Amino acid sequence: MTLPSISLQHARHLHLAAQGLLRPPTKKAAFTDLLTAIRQMSLLQIDTINVVARSPYLVLFSRLGAYPMSWLEEALSRGNLFEYWAHEACFVPREDYALLRHRMLNPQALGWKYNAAWAEQYREELNAMLAFIASNGPVRAADFDAAPGHQSGWWAWKPHKRHLENLFSAGELMVSERRNFQRVYDLRQRVLPDWDDARDGLRDEDALHGMLSNSVRSLGIFRINWLADYYRLRQIKPLTWLQQQREEGRLILLHVEQLGEMWLDARLAPLLSTPPAATVTALLSPFDPVVWDRKRALALFNFDYRLECYTPAPKRQYGYFVLPLLHRGSLKGRVDAKMDRASGQFIIKGLWLEESVRVTQRLAKDVQSAINKMARWHGATCVEIHQLPTLLQAIWGRAHWAL
């Protein structure tokens, strides 16, 4: 039987529809819109770099427009979200706790995220930590003094930080809130008092199928290996599950120009007959689900991207924290941005367009509007641009403007 066939651009639009990045919001964001956006993505990856807003806030801004950043912490402290290892460290909708609980019960499978030897060596101290929290309430790593001679650094956590992270990975502690984006840890029994493993837990297979179902919804259209990567599912072969889903009418197998055979969430079937229009222009976080799988971004968008903040400065091609530029259904460039909070300037250190991109008046207007909206959301009073493509510079005619 001949498979339905669609263009590559059509496939991109279907993916962006699944991600909530097809059309800009038509109204001012409400708190419930934040929760809806996270549920649509299934996962909101956490990263602490704050050259501009931290990544999870950026991901939400791309979908919601201007909103109070405090909403994310509010959703966490209310219990609408929880934190755990999913794609990486992520905010996850509360209703999906059961999908990840089996990872907490077998933390050795998490690799570097859990240190079994440390847990064995310091069992007394870990138990003492739990007892302290039970008696004294939630804690931060910053609440504990470092040992004399302790060296700071990413791989030199003080012992109490290691204790807290191990207990978090094992599901004995949860993040009850964040203060200045610092984790506040409390006992799982206090954060989720109604949870019962015997009653509420899922079999590993059912949890796996739940994660696959979420990935289908959030990707919209995919290759098999893209599906497994969404929750970092290792060594799984979901073909049998996919075929069953297809037989039950939940998935459609189709042919995509240049990419070949792909799977489509059947809920997007109404968008097959007429390609949906994509009108969003946005600066994406490097940890946005659209680009966090670099191989997927290359295959689907022909966008070769990597984050260079961990690359020594002399070896960087673009910059420290470069934001992919989404324009009307395609990834067309990258922007090295920085919010200078002291001066109130939103600085574009560099803006690069892909070689195949044609600079038009509409592109220039859309990109400038996206920069201005992000700058205003950051509280900037002006935009300062250091490096631009010549044709964009000619259209804008200036490299500094007030907001």
# chains A, B, ... in the order shown; residues from 1 in each chain; ligands from 1

call {"tool": "residues_around", "arguments": {"residues": "A:Asn115", "least_positions_apart": "3", "cutoff": "12 Å", "atoms": "only C-alpha atoms", "output": "VMD selection string"}}
result
chain A and resid 106 to 112 118 to 123 162 to 170

call {"tool": "write_last_selection", "arguments": {"atoms": "N, CA, C and O atoms", "output": "short mmCIF file (atom, residue, chain, number, x, y, z; two decimals), in the first residue's frame"}}
result
data_model
loop_
_atom_site.label_atom_id
_atom_site.label_comp_id
_atom_site.auth_asym_id
_atom_site.auth_seq_id
_atom_site.Cartn_x
_atom_site.Cartn_y
_atom_site.Cartn_z
N ASN A 106 15.04 2.63 41.21
CA ASN A 106 16.23 1.94 40.69
C ASN A 106 17.24 2.98 40.23
O ASN A 106 17.62 3.06 39.06
N PRO A 107 17.72 3.83 41.17
CA PRO A 107 18.55 4.97 40.76
C PRO A 107 19.90 4.57 40.19
O PRO A 107 20.54 5.36 39.48
N GLN A 108 20.36 3.33 40.45
CA GLN A 108 21.65 2.89 39.91
C GLN A 108 21.65 2.97 38.38
O GLN A 108 22.70 3.15 37.77
N ALA A 109 20.47 2.84 37.78
CA ALA A 109 20.37 2.87 36.31
C ALA A 109 20.51 4.27 35.74
O ALA A 109 20.60 4.44 34.52
N LEU A 110 20.57 5.29 36.61
CA LEU A 110 20.67 6.67 36.15
C LEU A 110 22.10 7.06 35.76
O LEU A 110 22.33 8.16 35.26
N GLY A 111 23.07 6.18 36.01
CA GLY A 111 24.46 6.52 35.66
C GLY A 111 25.03 7.54 36.63
O GLY A 111 24.86 7.43 37.85
N TRP A 112 25.69 8.58 36.08
CA TRP A 112 26.40 9.54 36.92
C TRP A 112 25.46 10.34 37.83
O TRP A 112 25.90 10.96 38.80
N TRP A 118 28.78 6.14 46.91
CA TRP A 118 28.64 7.23 47.88
C TRP A 118 27.50 6.93 48.87
O TRP A 118 27.63 7.12 50.08
N ALA A 119 26.36 6.45 48.33
CA ALA A 119 25.21 6.13 49.18
C ALA A 119 25.55 5.06 50.20
O ALA A 119 25.12 5.11 51.36
N GLU A 120 26.36 4.09 49.78
CA GLU A 120 26.76 3.02 50.69
C GLU A 120 27.74 3.53 51.75
O GLU A 120 27.62 3.24 52.94
N GLN A 121 28.70 4.32 51.30
CA GLN A 121 29.73 4.81 52.21
C GLN A 121 29.17 5.77 53.26
O GLN A 121 29.62 5.77 54.42
N TYR A 122 28.19 6.58 52.86
CA TYR A 122 27.69 7.62 53.75
C TYR A 122 26.25 7.38 54.18
O TYR A 122 25.50 8.32 54.43
N ARG A 123 25.86 6.11 54.32
CA ARG A 123 24.48 5.81 54.67
C ARG A 123 24.07 6.46 55.98
O ARG A 123 22.96 7.00 56.10
N ARG A 162 26.22 16.69 47.68
CA ARG A 162 26.19 15.33 47.14
C ARG A 162 25.13 14.48 47.85
O ARG A 162 24.43 13.68 47.22
N HIS A 163 25.02 14.64 49.15
CA HIS A 163 24.00 13.91 49.89
C HIS A 163 22.61 14.25 49.35
O HIS A 163 21.78 13.37 49.08
N LEU A 164 22.36 15.54 49.21
CA LEU A 164 21.04 15.99 48.75
C LEU A 164 20.74 15.49 47.34
O LEU A 164 19.62 15.03 47.06
N GLU A 165 21.72 15.56 46.45
CA GLU A 165 21.50 15.12 45.08
C GLU A 165 21.27 13.61 45.00
O GLU A 165 20.44 13.13 44.21
N ASN A 166 22.00 12.84 45.81
CA ASN A 166 21.79 11.39 45.82
C ASN A 166 20.39 11.04 46.34
O ASN A 166 19.70 10.19 45.77
N LEU A 167 19.98 11.71 47.40
CA LEU A 167 18.65 11.46 47.96
C LEU A 167 17.56 11.92 47.00
O LEU A 167 16.48 11.31 46.92
N PHE A 168 17.83 12.97 46.24
CA PHE A 168 16.88 13.44 45.22
C PHE A 168 16.75 12.40 44.11
O PHE A 168 15.64 12.03 43.70
N SER A 169 17.88 11.90 43.60
CA SER A 169 17.83 10.92 42.52
C SER A 169 17.15 9.63 42.96
O SER A 169 16.50 8.95 42.16
N ALA A 170 17.29 9.28 44.25
CA ALA A 170 16.65 8.08 44.78
C ALA A 170 15.19 8.32 45.15
O ALA A 170 14.51 7.39 45.63
#

call {"tool": "residues_around", "arguments": {"residues": "A:His327", "least_positions_apart": "4", "cutoff": "10 Å", "atoms": "only C-alpha atoms", "output": "MDAnalysis selection string"}}
result
chainID A and resid 22 278:283 331:333 363 366:367 370

call {"tool": "write_last_selection", "arguments": {"atoms": "N, CA and C atoms", "output": "PDB file, in the first residue's frame"}}
result
ATOM      1  N   LEU A  22       3.596  27.030  16.275  1.00  0.00           N
ATOM      2  CA  LEU A  22       3.137  27.262  14.912  1.00  0.00           C
ATOM      3  C   LEU A  22       2.649  28.696  14.729  1.00  0.00           C
ATOM      4  N   ALA A 278       2.693  28.590   9.300  1.00  0.00           N
ATOM      5  CA  ALA A 278       3.546  28.869  10.457  1.00  0.00           C
ATOM      6  C   ALA A 278       3.870  30.353  10.455  1.00  0.00           C
ATOM      7  N   THR A 279       3.539  31.048  11.544  1.00  0.00           N
ATOM      8  CA  THR A 279       3.734  32.492  11.588  1.00  0.00           C
ATOM      9  C   THR A 279       4.570  32.960  12.778  1.00  0.00           C
ATOM     10  N   VAL A 280       5.086  32.030  13.564  1.00  0.00           N
ATOM     11  CA  VAL A 280       5.885  32.397  14.733  1.00  0.00           C
ATOM     12  C   VAL A 280       7.307  32.790  14.321  1.00  0.00           C
ATOM     13  N   THR A 281       7.791  33.861  14.906  1.00  0.00           N
ATOM     14  CA  THR A 281       9.220  34.178  14.880  1.00  0.00           C
ATOM     15  C   THR A 281       9.671  34.276  16.338  1.00  0.00           C
ATOM     16  N   ALA A 282      10.676  33.507  16.697  1.00  0.00           N
ATOM     17  CA  ALA A 282      11.085  33.461  18.103  1.00  0.00           C
ATOM     18  C   ALA A 282      12.550  33.094  18.222  1.00  0.00           C
ATOM     19  N   LEU A 283      13.181  33.594  19.268  1.00  0.00           N
ATOM     20  CA  LEU A 283      14.524  33.163  19.649  1.00  0.00           C
ATOM     21  C   LEU A 283      14.359  32.002  20.618  1.00  0.00           C
ATOM     22  N   LEU A 331      14.228  27.027  10.877  1.00  0.00           N
ATOM     23  CA  LEU A 331      15.314  27.571  11.689  1.00  0.00           C
ATOM     24  C   LEU A 331      16.269  28.285  10.746  1.00  0.00           C
ATOM     25  N   LYS A 332      16.283  29.608  10.823  1.00  0.00           N
ATOM     26  CA  LYS A 332      16.954  30.406   9.799  1.00  0.00           C
ATOM     27  C   LYS A 332      18.210  31.114  10.277  1.00  0.00           C
ATOM     28  N   GLY A 333      18.544  30.989  11.538  1.00  0.00           N
ATOM     29  CA  GLY A 333      19.739  31.686  11.991  1.00  0.00           C
ATOM     30  C   GLY A 333      19.995  31.437  13.451  1.00  0.00           C
ATOM     31  N   LEU A 363      11.187  39.301   6.736  1.00  0.00           N
ATOM     32  CA  LEU A 363      12.117  38.654   7.654  1.00  0.00           C
ATOM     33  C   LEU A 363      12.712  39.683   8.608  1.00  0.00           C
ATOM     34  N   ASP A 366      10.092  40.834  11.124  1.00  0.00           N
ATOM     35  CA  ASP A 366       9.759  39.783  12.085  1.00  0.00           C
ATOM     36  C   ASP A 366      10.869  39.584  13.110  1.00  0.00           C
ATOM     37  N   VAL A 367      12.118  39.554  12.642  1.00  0.00           N
ATOM     38  CA  VAL A 367      13.245  39.321  13.548  1.00  0.00           C
ATOM     39  C   VAL A 367      13.406  40.501  14.508  1.00  0.00           C
ATOM     40  N   ALA A 370      10.770  40.238  17.146  1.00  0.00           N
ATOM     41  CA  ALA A 370      11.056  39.175  18.115  1.00  0.00           C
ATOM     42  C   ALA A 370      12.119  39.621  19.109  1.00  0.00           C
TER      43      ALA A 370
END

call {"tool": "residues_around", "arguments": {"residues": "A:Met339", "least_positions_apart": "5", "cutoff": "10 Å", "atoms": "only C-alpha atoms", "output": "tab-separated table (two decimals) with all heavy atoms, in the first residue's frame"}}
result
chain	number	residue	atom	x	y	z
A	50	ASN	N	22.31	32.11	32.87
A	50	ASN	CA	21.40	33.26	32.84
A	50	ASN	C	22.01	34.48	32.15
A	50	ASN	O	21.88	35.61	32.59
A	50	ASN	CB	20.94	33.62	34.25
A	50	ASN	CG	22.07	34.09	35.15
A	50	ASN	OD1	23.24	33.86	34.85
A	50	ASN	ND2	21.74	34.77	36.24
A	51	VAL	N	22.69	34.23	31.02
A	51	VAL	CA	23.19	35.34	30.21
A	51	VAL	C	21.99	36.17	29.72
A	51	VAL	O	22.02	37.39	29.69
A	51	VAL	CB	24.02	34.82	29.02
A	51	VAL	CG1	24.46	35.96	28.12
A	51	VAL	CG2	25.22	34.06	29.53
A	52	VAL	N	20.96	35.46	29.25
A	52	VAL	CA	19.64	36.06	29.11
A	52	VAL	C	18.81	35.39	30.22
A	52	VAL	O	19.35	35.00	31.23
A	52	VAL	CB	19.07	35.84	27.70
A	52	VAL	CG1	19.74	36.76	26.71
A	52	VAL	CG2	19.23	34.40	27.24
A	53	ALA	N	17.50	35.27	30.07
A	53	ALA	CA	16.73	34.53	31.08
A	53	ALA	C	17.16	33.07	31.06
A	53	ALA	O	17.59	32.54	30.02
A	53	ALA	CB	15.25	34.66	30.79
A	344	GLY	N	20.78	48.06	31.49
A	344	GLY	CA	19.44	47.97	30.90
A	344	GLY	C	19.47	47.70	29.41
A	344	GLY	O	18.45	47.83	28.73
A	345	GLN	N	20.63	47.29	28.88
A	345	GLN	CA	20.75	47.02	27.44
A	345	GLN	C	20.53	45.54	27.14
A	345	GLN	O	21.05	44.67	27.84
A	345	GLN	CB	22.14	47.42	26.95
A	345	GLN	CG	22.41	48.90	26.90
A	345	GLN	CD	23.78	49.18	26.29
A	345	GLN	OE1	24.74	48.44	26.51
A	345	GLN	NE2	23.89	50.25	25.51
A	346	PHE	N	19.77	45.29	26.10
A	346	PHE	CA	19.68	43.94	25.55
A	346	PHE	C	20.64	43.92	24.37
A	346	PHE	O	20.44	44.61	23.38
A	346	PHE	CB	18.26	43.63	25.09
A	346	PHE	CG	18.04	42.17	24.77
A	346	PHE	CD1	17.88	41.23	25.79
A	346	PHE	CD2	18.02	41.72	23.46
A	346	PHE	CE1	17.69	39.89	25.50
A	346	PHE	CE2	17.82	40.39	23.17
A	346	PHE	CZ	17.65	39.46	24.19
A	347	ILE	N	21.72	43.15	24.50
A	347	ILE	CA	22.83	43.21	23.55
A	347	ILE	C	22.79	42.00	22.63
A	347	ILE	O	22.72	40.85	23.08
A	347	ILE	CB	24.18	43.26	24.29
A	347	ILE	CG1	24.24	44.50	25.19
A	347	ILE	CG2	25.35	43.26	23.30
A	347	ILE	CD1	25.43	44.53	26.13
A	348	ILE	N	22.83	42.26	21.35
A	348	ILE	CA	23.00	41.21	20.34
A	348	ILE	C	24.47	41.26	19.92
A	348	ILE	O	24.88	42.12	19.13
A	348	ILE	CB	22.08	41.42	19.12
A	348	ILE	CG1	20.62	41.52	19.55
A	348	ILE	CG2	22.28	40.30	18.11
A	348	ILE	CD1	20.08	40.27	20.21
A	374	MET	N	11.46	40.22	23.24
A	374	MET	CA	12.27	39.56	24.26
A	374	MET	C	12.98	40.58	25.13
A	374	MET	O	13.07	40.43	26.36
A	374	MET	CB	13.28	38.61	23.63
A	374	MET	CG	14.14	37.88	24.66
A	374	MET	SD	15.22	36.60	23.99
A	374	MET	CE	14.04	35.26	23.82
A	375	ALA	N	13.49	41.65	24.52
A	375	ALA	CA	14.20	42.68	25.29
A	375	ALA	C	13.26	43.34	26.29
A	375	ALA	O	13.64	43.56	27.45
A	375	ALA	CB	14.80	43.71	24.33
A	378	HIS	N	12.61	41.24	29.26
A	378	HIS	CA	13.74	41.27	30.18
A	378	HIS	C	13.83	42.59	30.96
A	378	HIS	O	14.68	42.73	31.84
A	378	HIS	CB	15.06	41.07	29.41
A	378	HIS	CG	15.38	39.64	29.13
A	378	HIS	ND1	14.87	38.94	28.07
A	378	HIS	CD2	16.19	38.76	29.77
A	378	HIS	CE1	15.34	37.71	28.08
A	378	HIS	NE2	16.14	37.57	29.10
A	379	GLY	N	13.00	43.55	30.60
A	379	GLY	CA	13.06	44.84	31.26
A	379	GLY	C	14.10	45.77	30.68
A	379	GLY	O	14.48	46.77	31.32
A	380	ALA	N	14.56	45.50	29.47
A	380	ALA	CA	15.58	46.34	28.83
A	380	ALA	C	14.97	47.67	28.39
A	380	ALA	O	13.77	47.77	28.10
A	380	ALA	CB	16.17	45.63	27.62
A	383	VAL	N	18.07	48.30	22.74
A	383	VAL	CA	18.74	47.17	22.08
A	383	VAL	C	20.02	47.67	21.46
A	383	VAL	O	20.03	48.72	20.79
A	383	VAL	CB	17.83	46.55	21.00
A	383	VAL	CG1	18.58	45.49	20.20
A	383	VAL	CG2	16.57	45.95	21.63

call {"tool": "select_by_dssp", "arguments": {"residues": "stretch 216-342 of chain A", "states": "strand (DSSP E)", "output": "VMD selection string"}}
result
chain A and resid 221 to 222 251 to 256 260 to 265 281 to 283 322 to 327 330 to 340

call {"tool": "select_by_dssp", "arguments": {"residues": "stretch 83-254 of chain A", "states": "helix (DSSP H, G or I)", "output": "JSON, numbers by chain"}}
result
{"A": [94, 95, 96, 97, 98, 99, 100, 101, 102, 103, 104, 105, 107, 108, 109, 110, 111, 112, 113, 116, 117, 118, 119, 120, 121, 123, 124, 125, 126, 127, 128, 129, 130, 131, 132, 133, 134, 135, 136, 141, 142, 143, 159, 160, 161, 162, 163, 164, 165, 166, 167, 168, 169, 188, 189, 190, 191, 197, 198, 199, 200, 204, 205, 206, 207, 208, 209, 210, 211, 212, 213, 214, 215, 216, 217, 218, 219, 224, 225, 226, 227, 228, 229, 230, 239, 240, 241, 242, 243, 244, 245, 246, 247]}

call {"tool": "atom_distance", "arguments": {"atom1": "atom CA of A:Pro314", "atom2": "atom CA of A:Ala399"}}
result
25.3 Å
